[in-house]
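Following: one structure in structure tokens, then a few remarks.
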Amino acid sequence: MFDWKWEYSVEILPRLLSATVNTLLAAGFGYLIALIVGLAFALLQRTGVRPITFVVREIVEFIRSTPLIVQIFFIFYVGPQFGIRLSPWTSGMIAIGLHYASYLSEVYRAGLDNVPKGQWEACKALNMGPVQIYFRIIIPQAIPPSLPGMGNYLISIFKDTPMLSVIGVAELMHAATTIGSETYRYVEPYTLVGLIFLAISLPTALALRQLEARVRRKMGMNR
């Protein structure tokens, strides 16, 4: 049974709130990596150079086909055998970033394919270079339809941060487990962790929907 007096007496809320900051940082940096690398994956598959397209496509499929927790273990524990020694934080953010970059690359691909062919033809008629075509014309048009998928993966990354506890990253689940092992009470910390995730996820999802609607209105797109 949940005991609020116990929860306040051992002051677990400050510890969980501190861990919440770490969780948000891990999710934020992981998402930033995913956004950048995912776009790179999507663009590299459109170069027209078959070897590059093949290699990148296979990398994306490999990452998508393996569990995130395996990738976290691989980067943190196997990396040192090849001379790559990373801290738990760095390993976790890279693993999350690469894992979700493979999914975001497909979101980007769908957005890029959604741009009318006339836009591409007009850019080529104006003798614009590939960099100008993508970053000045095509990508700004591809992002608005991609916002729902991009927002969903942001929430997914946030909810997957507890996996980082397996390598000792001091996020919410790690803090709750530590508190439970110290006090032999698990109901209170785990319940609070669930409530904290809920309190952050719901407003974030609402804010993303509002952002999507605002961007679509600004771009003159029908809902």
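Note on naming: chains are A, B, ... as they come in the structure tokens, residues start from 1 per chain, ligands start from 1 in the order shown.
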Every residue of range 62-184 of chain A that DSSP places in alpha helix (DSSP H), as a PyMOL selection string
chain A and resi 62-64+68-73+88-114+117-125+130-132+139-160+172-183
Contact residues around Phe73 in chain A with only C-alpha atoms at 9 Å, ignoring same-chain residues under 4 positions, as a list in words:
Leu68, Ile69, Tyr77, Val78, Ser91, Gly92, Ala95, Val166 and Ile167 of chain A
For the residues in the current selection, export all heavy atoms as a compact mmCIF listing (two decimals), in the first residue's frame.
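The resulting selection22.txt:
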```
# COMPACT_ATOMS: atom_id res chain seq x y z
N LEU A 68 17.05 -2.15 -28.68
CA LEU A 68 17.81 -1.02 -28.17
C LEU A 68 18.73 -1.45 -27.03
O LEU A 68 19.87 -1.01 -26.94
CB LEU A 68 16.86 0.08 -27.69
CG LEU A 68 17.49 1.27 -26.96
CD1 LEU A 68 18.54 1.96 -27.82
CD2 LEU A 68 16.41 2.26 -26.54
N ILE A 69 18.24 -2.31 -26.15
CA ILE A 69 19.05 -2.70 -24.99
C ILE A 69 20.31 -3.45 -25.42
O ILE A 69 21.37 -3.30 -24.80
CB ILE A 69 18.20 -3.54 -24.01
CG1 ILE A 69 18.93 -3.63 -22.66
CG2 ILE A 69 17.87 -4.90 -24.57
CD1 ILE A 69 18.07 -4.17 -21.55
N TYR A 77 29.86 -2.11 -23.44
CA TYR A 77 30.70 -3.22 -22.99
C TYR A 77 31.62 -3.78 -24.08
O TYR A 77 32.72 -4.24 -23.79
CB TYR A 77 29.83 -4.36 -22.44
CG TYR A 77 29.17 -4.01 -21.12
CD1 TYR A 77 27.80 -3.80 -21.04
CD2 TYR A 77 29.92 -3.88 -19.96
CE1 TYR A 77 27.18 -3.49 -19.84
CE2 TYR A 77 29.33 -3.56 -18.75
CZ TYR A 77 27.96 -3.36 -18.70
OH TYR A 77 27.36 -3.03 -17.50
N VAL A 78 31.16 -3.77 -25.34
CA VAL A 78 31.97 -4.33 -26.42
C VAL A 78 32.92 -3.27 -27.00
O VAL A 78 34.04 -3.60 -27.41
CB VAL A 78 31.06 -4.91 -27.53
CG1 VAL A 78 31.90 -5.49 -28.66
CG2 VAL A 78 30.15 -5.98 -26.95
N SER A 91 27.60 6.58 -23.89
CA SER A 91 27.18 5.34 -24.53
C SER A 91 25.67 5.29 -24.68
O SER A 91 25.14 4.91 -25.74
CB SER A 91 27.65 4.13 -23.71
OG SER A 91 29.05 4.10 -23.60
N GLY A 92 24.95 5.68 -23.62
CA GLY A 92 23.50 5.65 -23.66
C GLY A 92 22.92 6.60 -24.68
O GLY A 92 22.01 6.23 -25.44
N ALA A 95 23.63 5.32 -28.21
CA ALA A 95 22.78 4.17 -28.53
C ALA A 95 21.35 4.61 -28.84
O ALA A 95 20.76 4.19 -29.85
CB ALA A 95 22.78 3.17 -27.37
N VAL A 166 20.55 0.08 -17.08
CA VAL A 166 21.30 -1.19 -17.10
C VAL A 166 22.80 -0.96 -17.16
O VAL A 166 23.58 -1.87 -16.85
CB VAL A 166 20.85 -2.08 -18.29
CG1 VAL A 166 19.38 -2.43 -18.16
CG2 VAL A 166 21.14 -1.40 -19.63
N ILE A 167 23.24 0.24 -17.56
CA ILE A 167 24.68 0.53 -17.58
C ILE A 167 25.02 1.61 -16.54
O ILE A 167 26.09 2.21 -16.59
CB ILE A 167 25.16 0.96 -18.97
CG1 ILE A 167 24.36 2.18 -19.51
CG2 ILE A 167 25.07 -0.20 -19.95
CD1 ILE A 167 24.92 2.74 -20.81
```
Could I get the residues of range 25-82 of chain A with an atom no further than 8 Å from an atom of range 107-121 of chain A, each paired with its nearest atom pair and that distance in Å to one decimal, using only C-alpha atoms, sorted by chain and residue number, as a tab-separated table?
```
residue	atom	partner	partner_atom	distance
A:Gly38	CA	A:Tyr108	CA	7.5
A:Leu39	CA	A:Tyr108	CA	6.5
A:Ala42	CA	A:Arg109	CA	5.7
```
Go ahead and write the residues just picked, N, CA, C and O atoms, as a tab-separated table (two decimals), in the first residue's frame.
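Result saved to result-v1.tsv:
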```tsv
chain	number	residue	atom	x	y	z
A	38	GLY	N	19.51	10.81	-38.42
A	38	GLY	CA	18.39	10.31	-39.22
A	38	GLY	C	18.28	11.04	-40.55
A	38	GLY	O	18.04	10.42	-41.59
A	39	LEU	N	18.47	12.36	-40.54
A	39	LEU	CA	18.44	13.13	-41.78
A	39	LEU	C	19.60	12.72	-42.68
A	39	LEU	O	19.43	12.59	-43.90
A	42	ALA	N	18.76	9.48	-44.33
A	42	ALA	CA	17.76	9.66	-45.39
A	42	ALA	C	18.38	10.25	-46.65
A	42	ALA	O	18.09	9.80	-47.77
```
Residues of range 119-163 of chain A within 12 Å of range 185-198 of chain A: nearest atom pair and distance (Å, one decimal) for each, counting only C-alpha atoms, sorted by chain and number, as JSON lines?
```
{"residue": "A:Ile155", "atom": "CA", "partner": "A:Phe197", "partner_atom": "CA", "distance": 10.0}
{"residue": "A:Ser156", "atom": "CA", "partner": "A:Phe197", "partner_atom": "CA", "distance": 11.3}
{"residue": "A:Ile157", "atom": "CA", "partner": "A:Phe197", "partner_atom": "CA", "distance": 11.8}
{"residue": "A:Phe158", "atom": "CA", "partner": "A:Phe197", "partner_atom": "CA", "distance": 8.3}
{"residue": "A:Lys159", "atom": "CA", "partner": "A:Phe197", "partner_atom": "CA", "distance": 7.4}
{"residue": "A:Asp160", "atom": "CA", "partner": "A:Phe197", "partner_atom": "CA", "distance": 10.7}
{"residue": "A:Thr161", "atom": "CA", "partner": "A:Phe197", "partner_atom": "CA", "distance": 10.5}
{"residue": "A:Pro162", "atom": "CA", "partner": "A:Val193", "partner_atom": "CA", "distance": 10.1}
```
So how many Å separate CA of Val131 in chain A and CA of Leu44 in chain A, to one decimal?
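Answer for the CA of Val131 in chain A to CA of Leu44 in chain A separation: 12.4 Å.
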Contacts of Ala26 in chain A at 10 Å (only C-alpha atoms; same-chain gap of 5+ positions) as number ranges by chain
A: 20-21, 31-32, 89-90, 92-94, 96-97, 157-158, 161, 164, 169, 171
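Using only C-alpha atoms for every distance, the candidate list A:Ile12, A:Leu17, A:Ala199, A:Leu35 yields A:Leu35 as the residue closest to Ser102 in chain A.
Picture a line from CA of Leu154 in chain A to CA of Leu202 in chain A; it runs 12.2 Å.
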Check the smallest atom-to-atom distance from each of A:Arg217, A:Ala176, A:Phe54, A:Val60 to Leu13 in chain A using only C-alpha atoms, then report the winner.
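Comparing A:Arg217, A:Ala176, A:Phe54, A:Val60 against Leu13 in chain A, the winner is A:Ala176.
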Distance of CA of Asn152 in chain A from CA of Leu104 in chain A, expressed in Å to one decimal place:
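Pair CA of Leu104 in chain A / CA of Asn152 in chain A returns 10.1 Å.
The protein and nucleic acid residues lying at most 8 Å from Pro148 in chain A are Pro145, Gly151, Asn152, Leu208, Arg209 and Glu212 of chain A, with only C-alpha atoms considered and sequence neighbours fewer than 3 positions away removed.
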